[in-house]
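Structure below is my_file_10.csv: CSV, C-alpha atoms.
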```csv
chain,number,residue,atom,x,y,z
A,1,MET,CA,20.4,36.9,2.3
A,2,PRO,CA,21.4,34.3,4.9
A,3,ARG,CA,19.6,31.0,4.7
A,4,PRO,CA,17.0,30.4,7.4
A,5,VAL,CA,18.1,27.9,10.1
A,6,THR,CA,16.0,24.8,10.0
A,7,ALA,CA,15.3,23.1,13.3
A,8,PRO,CA,16.9,19.6,13.6
A,9,ALA,CA,13.5,18.1,14.2
A,10,SER,CA,12.2,19.5,11.0
A,11,ARG,CA,15.1,18.1,9.0
A,12,THR,CA,14.6,14.7,10.5
A,13,GLN,CA,10.9,14.9,9.6
A,14,HIS,CA,11.9,15.9,6.1
A,15,ALA,CA,14.3,12.9,5.7
A,16,TYR,CA,11.7,10.5,7.2
A,17,ASP,CA,8.9,11.7,5.0
A,18,ALA,CA,11.0,11.6,1.8
A,19,LEU,CA,12.4,8.2,2.5
A,20,ARG,CA,9.1,6.7,3.6
A,21,GLN,CA,7.4,7.9,0.4
A,22,GLU,CA,10.1,6.5,-1.8
A,23,LEU,CA,9.9,3.2,0.0
A,24,LEU,CA,6.1,3.0,-0.3
A,25,ASP,CA,6.5,3.9,-4.0
A,26,CYS,CA,9.0,1.0,-4.4
A,27,LYS,CA,11.8,3.4,-5.6
A,28,PHE,CA,14.3,1.1,-3.9
A,29,GLU,CA,15.0,-2.5,-4.6
A,30,PRO,CA,14.2,-5.0,-1.9
A,31,GLY,CA,17.3,-5.7,0.3
A,32,GLN,CA,19.1,-2.6,-1.2
A,33,PRO,CA,21.6,-1.1,1.2
A,34,LEU,CA,20.7,2.4,2.4
A,35,ARG,CA,24.0,4.2,2.8
A,36,ILE,CA,23.8,7.1,5.2
A,37,GLN,CA,26.4,9.3,3.5
A,38,ASP,CA,24.6,9.0,0.1
A,39,LEU,CA,21.2,9.8,1.7
A,40,CYS,CA,22.7,12.8,3.5
A,41,LYS,CA,23.9,14.3,0.2
A,42,ARG,CA,20.7,13.6,-1.7
A,43,LEU,CA,18.4,14.8,1.0
A,44,ASP,CA,20.7,17.7,2.2
A,45,VAL,CA,20.4,16.7,5.8
A,46,SER,CA,22.8,15.6,8.6
A,47,GLN,CA,23.8,12.1,9.5
A,48,GLY,CA,21.8,12.4,12.7
A,49,ALA,CA,18.7,13.3,10.8
A,50,VAL,CA,19.1,10.3,8.4
A,51,ARG,CA,19.9,7.9,11.2
A,52,GLU,CA,16.8,9.0,13.2
A,53,ALA,CA,14.6,8.7,10.0
A,54,LEU,CA,16.0,5.2,9.3
A,55,SER,CA,15.3,4.1,12.9
A,56,ARG,CA,11.7,5.2,12.6
A,57,LEU,CA,11.3,3.4,9.3
A,58,THR,CA,12.9,0.3,10.9
A,59,SER,CA,10.2,0.4,13.6
A,60,GLU,CA,7.6,0.4,10.8
A,61,GLY,CA,9.1,-2.6,9.1
A,62,LEU,CA,10.0,-0.7,6.0
A,63,VAL,CA,13.8,-0.9,6.7
A,64,GLU,CA,16.0,-3.4,8.5
A,65,SER,CA,19.0,-2.7,10.6
A,66,GLU,CA,21.9,-5.2,10.4
A,67,PRO,CA,24.6,-5.2,13.1
A,68,GLN,CA,27.9,-4.0,11.6
A,69,ARG,CA,26.3,-3.6,8.2
A,70,GLY,CA,23.9,-0.7,8.5
A,71,PHE,CA,20.5,-0.3,7.1
A,72,ARG,CA,18.8,-1.9,4.1
A,73,VAL,CA,15.4,-2.0,2.5
A,74,THR,CA,13.2,-4.8,4.0
A,75,PRO,CA,13.3,-7.7,1.5
A,76,VAL,CA,10.2,-9.2,-0.1
A,77,SER,CA,9.3,-12.8,-0.8
A,78,ALA,CA,6.5,-14.9,-2.2
A,79,ALA,CA,6.0,-16.6,1.2
A,80,ASP,CA,5.8,-13.3,3.0
A,81,LEU,CA,3.3,-11.9,0.5
A,82,LYS,CA,1.1,-15.0,0.9
A,83,ASP,CA,1.1,-14.7,4.7
A,84,LEU,CA,0.5,-11.0,4.5
A,85,THR,CA,-2.4,-11.3,2.0
A,86,ASN,CA,-4.1,-14.0,4.0
A,87,THR,CA,-3.9,-11.9,7.1
A,88,ARG,CA,-5.0,-8.8,5.4
A,89,ILE,CA,-8.0,-10.6,3.9
A,90,GLN,CA,-9.2,-11.8,7.3
A,91,ILE,CA,-8.9,-8.3,8.8
A,92,GLU,CA,-10.5,-6.6,5.8
A,93,GLN,CA,-13.4,-9.0,5.9
A,94,ILE,CA,-14.0,-8.2,9.6
A,95,CYS,CA,-13.8,-4.5,9.0
A,96,LEU,CA,-16.1,-4.8,5.9
A,97,ARG,CA,-18.7,-6.8,7.8
A,98,GLN,CA,-18.8,-4.2,10.6
A,99,ALA,CA,-18.9,-1.4,8.1
A,100,ILE,CA,-21.9,-3.0,6.4
A,101,ALA,CA,-23.6,-3.5,9.8
A,102,GLN,CA,-22.8,0.0,11.1
A,103,GLY,CA,-22.5,2.3,8.0
A,104,ASP,CA,-25.1,4.9,7.4
A,105,VAL,CA,-26.5,6.5,4.2
A,106,GLN,CA,-23.6,9.0,4.1
A,107,TRP,CA,-21.1,6.1,4.1
A,108,GLU,CA,-23.0,4.5,1.2
A,109,ALA,CA,-22.7,7.8,-0.7
A,110,ARG,CA,-18.9,7.9,0.0
A,111,VAL,CA,-18.5,4.4,-1.3
A,112,LEU,CA,-20.4,5.2,-4.5
A,113,ALA,CA,-18.3,8.4,-5.0
A,114,ALA,CA,-15.0,6.6,-4.4
A,115,PHE,CA,-15.9,3.9,-6.9
A,116,HIS,CA,-17.1,6.4,-9.5
A,117,GLU,CA,-13.8,8.3,-9.3
A,118,LEU,CA,-11.8,5.1,-9.5
A,119,SER,CA,-13.8,3.8,-12.5
A,120,ARG,CA,-13.0,7.0,-14.4
A,121,THR,CA,-9.2,6.7,-13.9
A,122,PRO,CA,-7.0,4.8,-16.5
A,123,PRO,CA,-5.4,1.8,-14.7
A,124,VAL,CA,-2.1,2.1,-16.6
A,125,GLU,CA,0.3,4.9,-17.5
A,126,PRO,CA,0.1,6.0,-21.1
A,127,GLY,CA,2.9,4.3,-23.0
A,128,GLU,CA,3.6,2.0,-20.0
A,129,PRO,CA,1.2,-0.9,-20.3
A,130,ARG,CA,3.0,-2.9,-17.6
A,131,ARG,CA,2.8,-0.3,-14.9
A,132,PHE,CA,-0.3,0.9,-12.9
A,133,SER,CA,-0.8,4.6,-13.1
A,134,ALA,CA,-0.1,6.5,-9.8
A,135,GLY,CA,-3.6,8.0,-9.9
A,136,PHE,CA,-5.2,4.6,-10.2
A,137,VAL,CA,-3.1,3.1,-7.3
A,138,ALA,CA,-4.0,6.1,-5.0
A,139,LEU,CA,-7.7,5.8,-5.8
A,140,HIS,CA,-7.7,2.0,-5.5
A,141,ARG,CA,-6.3,2.4,-2.0
A,142,SER,CA,-8.8,5.2,-1.2
A,143,PHE,CA,-11.7,3.0,-2.4
A,144,PHE,CA,-10.9,0.3,0.1
A,145,ASP,CA,-10.3,2.8,2.9
A,146,VAL,CA,-13.8,4.3,2.2
A,147,LEU,CA,-15.3,0.8,1.8
A,148,VAL,CA,-14.4,-0.1,5.4
A,149,SER,CA,-14.8,3.4,6.9
A,150,GLY,CA,-18.1,2.5,8.3
A,151,CYS,CA,-16.3,0.2,10.8
A,152,ARG,CA,-16.1,2.0,14.1
A,153,SER,CA,-13.4,-0.1,15.8
A,154,PHE,CA,-10.3,2.0,16.6
A,155,TRP,CA,-8.1,-1.1,17.1
A,156,LEU,CA,-9.3,-2.9,13.9
A,157,ALA,CA,-8.5,0.3,11.9
A,158,ARG,CA,-5.1,0.6,13.5
A,159,LEU,CA,-4.3,-3.1,12.8
A,160,ARG,CA,-5.5,-2.7,9.2
A,161,GLN,CA,-3.3,0.3,8.6
A,162,THR,CA,-0.3,-1.6,9.9
A,163,LEU,CA,-0.9,-4.4,7.4
A,164,LEU,CA,-1.7,-2.0,4.6
A,165,LEU,CA,1.7,-0.3,5.1
A,166,GLN,CA,3.4,-3.6,4.5
A,167,ASP,CA,1.2,-4.3,1.5
A,168,PHE,CA,2.5,-1.0,-0.1
A,169,ARG,CA,5.9,-2.6,-0.3
A,170,TYR,CA,4.5,-5.1,-2.8
A,171,TYR,CA,1.7,-3.3,-4.5
A,172,GLY,CA,4.0,-1.0,-6.4
A,173,ARG,CA,5.6,-4.0,-8.0
A,174,SER,CA,2.3,-5.6,-9.0
A,175,PRO,CA,1.8,-6.0,-12.8
A,176,PRO,CA,-1.4,-4.8,-14.4
A,177,PRO,CA,-3.5,-7.6,-15.9
A,178,ALA,CA,-2.9,-8.4,-19.5
A,179,ALA,CA,-5.6,-7.5,-22.0
A,180,GLY,CA,-8.6,-9.8,-21.5
A,181,GLU,CA,-7.1,-11.4,-18.4
A,182,ARG,CA,-9.4,-9.7,-15.8
A,183,ASN,CA,-11.5,-6.6,-15.5
A,184,LEU,CA,-10.6,-4.8,-12.3
A,185,ILE,CA,-13.4,-2.3,-12.6
A,186,THR,CA,-16.0,-5.0,-13.0
A,187,GLU,CA,-14.6,-6.8,-9.9
A,188,LEU,CA,-14.7,-3.6,-7.9
A,189,ARG,CA,-18.2,-2.6,-9.1
A,190,GLU,CA,-19.6,-6.0,-8.0
A,191,LEU,CA,-17.9,-5.5,-4.6
A,192,MET,CA,-19.2,-2.0,-4.3
A,193,GLN,CA,-22.8,-3.1,-5.2
A,194,ALA,CA,-22.8,-6.1,-2.8
A,195,THR,CA,-21.5,-3.7,0.0
A,196,ILE,CA,-24.2,-1.1,-0.4
A,197,ASP,CA,-26.8,-3.8,-0.8
A,198,ARG,CA,-25.7,-5.0,2.6
A,199,LYS,CA,-24.9,-8.5,1.4
A,200,ALA,CA,-22.0,-9.2,3.7
A,201,ASP,CA,-21.2,-12.8,2.7
A,202,ARG,CA,-21.1,-11.9,-1.0
A,203,ALA,CA,-19.1,-8.7,-0.4
A,204,CYS,CA,-16.5,-10.6,1.6
A,205,ALA,CA,-16.3,-13.4,-1.0
A,206,LEU,CA,-15.7,-10.8,-3.7
A,207,LEU,CA,-13.1,-8.9,-1.6
A,208,ASN,CA,-11.3,-12.2,-1.0
A,209,ALA,CA,-11.3,-13.0,-4.7
A,210,HIS,CA,-10.0,-9.6,-5.8
A,211,MET,CA,-7.2,-9.4,-3.3
A,212,SER,CA,-6.2,-13.1,-3.8
A,213,ARG,CA,-6.0,-12.7,-7.6
A,214,THR,CA,-3.8,-9.5,-7.3
A,215,ALA,CA,-1.4,-11.3,-4.9
A,216,GLU,CA,-1.3,-14.4,-7.1
A,217,ALA,CA,-0.3,-12.4,-10.1
A,218,LEU,CA,2.5,-10.7,-8.3
A,219,ILE,CA,3.7,-14.1,-6.7
A,220,ALA,CA,3.8,-15.6,-10.2
A,221,GLN,CA,5.9,-12.7,-11.4
A,222,MET,CA,8.2,-13.0,-8.4
A,223,GLU,CA,8.7,-16.7,-8.9
A,224,LYS,CA,9.3,-16.3,-12.6
A,225,SER,CA,12.0,-13.6,-11.9
A,226,SER,CA,13.7,-15.9,-9.3
A,227,ARG,CA,14.1,-18.6,-12.0
A,228,THR,CA,15.7,-16.3,-14.6
```
As a first step, turn the structure in this file into structure tokens.
Amino acid sequence: MPRPVTAPASRTQHAYDALRQELLDCKFEPGQPLRIQDLCKRLDVSQGAVREALSRLTSEGLVESEPQRGFRVTPVSAADLKDLTNTRIQIEQICLRQAIAQGDVQWEARVLAAFHELSRTPPVEPGEPRRFSAGFVALHRSFFDVLVSGCRSFWLARLRQTLLLQDFRYYGRSPPPAAGERNLITELRELMQATIDRKADRACALLNAHMSRTAEALIAQMEKSSRT
């Protein structure tokens, strides 16, 4: 049987989707060169499809294009993470305040359900205590999405997603807290409760503390690695 012919646009989309997911899952090292020939062989697509995919990823800030040197994974740094986290916190707080002001009972129910599912998911992979489980990471992201889903601003939501995309480049490298260091579920339970109780100031303060501590742990790890 002859193989079906795949439209070029579909092959480009396949390359884009596969590379984007690998970048968000931190499968590549920061600054790692992305060689078009290697990607063509691995993804079984043409050079044109890979180039188009990489160009789209460059526009999203996940990949950088260097004249005469090709493409590479966008580097990470402690300074960039500090700036990104501070900006994210400000936008998340604005979205959360609006969600608390505008959210209805159905929104409250979604917040409770998202937290319940997250709280029943092991934070780390069995046998890998220094790595967050994929399920926990996905549900953690979903919990924050639901938390601010009561916000009805299109542009705030769009700006938030742009910042969140950049945060994914770091989150996959974030170490789980050591035993007794912090209780993530307790932190998120308090945030959830303050939110559905409509205590905006407390909810924003708890969100700030949670996101800041997560960033600080990763920054400490990055700075330690740079010294070794």
For Gln221 (chain A), work out the shell of residues within 10 Å, counting all atoms listed in the file and skipping chain neighbours fewer than 4 positions away, then give it as a VMD selection string. chain A and resid 78 173 to 175 215 to 217 225 to 226
Can you write out the residues you just picked, keeping C-alpha atoms, as a PDB file, in the frame of the given file?
```
ATOM      1  CA  ALA A  78       6.500 -14.900  -2.200  1.00  0.00           C
ATOM      2  CA  ARG A 173       5.600  -4.000  -8.000  1.00  0.00           C
ATOM      3  CA  SER A 174       2.300  -5.600  -9.000  1.00  0.00           C
ATOM      4  CA  PRO A 175       1.800  -6.000 -12.800  1.00  0.00           C
ATOM      5  CA  ALA A 215      -1.400 -11.300  -4.900  1.00  0.00           C
ATOM      6  CA  GLU A 216      -1.300 -14.400  -7.100  1.00  0.00           C
ATOM      7  CA  ALA A 217      -0.300 -12.400 -10.100  1.00  0.00           C
ATOM      8  CA  SER A 225      12.000 -13.600 -11.900  1.00  0.00           C
ATOM      9  CA  SER A 226      13.700 -15.900  -9.300  1.00  0.00           C
TER      10      SER A 226
END
```
Using all atoms listed in the file for the distances, tell me which of A:Ala194, A:Leu81, A:Leu118, A:Val76 is nearest to Ser212 (chain A).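 Once distances to Ser212 (chain A) are computed over all atoms listed in the file, the minimum belongs to A:Leu81.
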Determine, counting only C-alpha atoms, which protein, DNA and RNA residues have an atom within 7 Å of an atom of region 15-21 of chain A; residues of the same chain fewer than 5 positions away are not included. Present the result as a VMD selection string. chain A and resid 43 49 to 50 53 57
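Between Arg130 (chain A) and the residues A:Val111, A:Gly31, A:Leu147, A:Pro177, the shortest atom-to-atom distance, using all atoms listed in the file, involves A:Pro177.
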If we count all atoms listed in the file and set the cut-off at 7 Å, which residues sit around Ile185 (chain A), ignoring sequence neighbours fewer than 3 positions away in its own chain? Please answer as a list in words. Ser119, Leu188 and Arg189 of chain A
Quick one: distance from CA of Arg42 (chain A) to CA of Gly61 (chain A) in Å, one decimal?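 If I compute the distance from CA of Arg42 (chain A) to CA of Gly61 (chain A), I get 22.7 Å.
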Where is the centre and how long are the edges: axis-aligned box on region 170-176 of chain A, 4 Å on each side, Å to one decimal, as AutoDock Vina command-line options:
```
--center_x 2.1 --center_y -3.5 --center_z -8.6 --size_x 15.0 --size_y 13.0 --size_z 19.6
```
Pick from A:Cys151, A:Leu39, A:Ala138, A:Leu184: nearest to Gln98 (chain A), with all atoms listed in the file counted?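 The closest residue to Gln98 (chain A) is A:Cys151.
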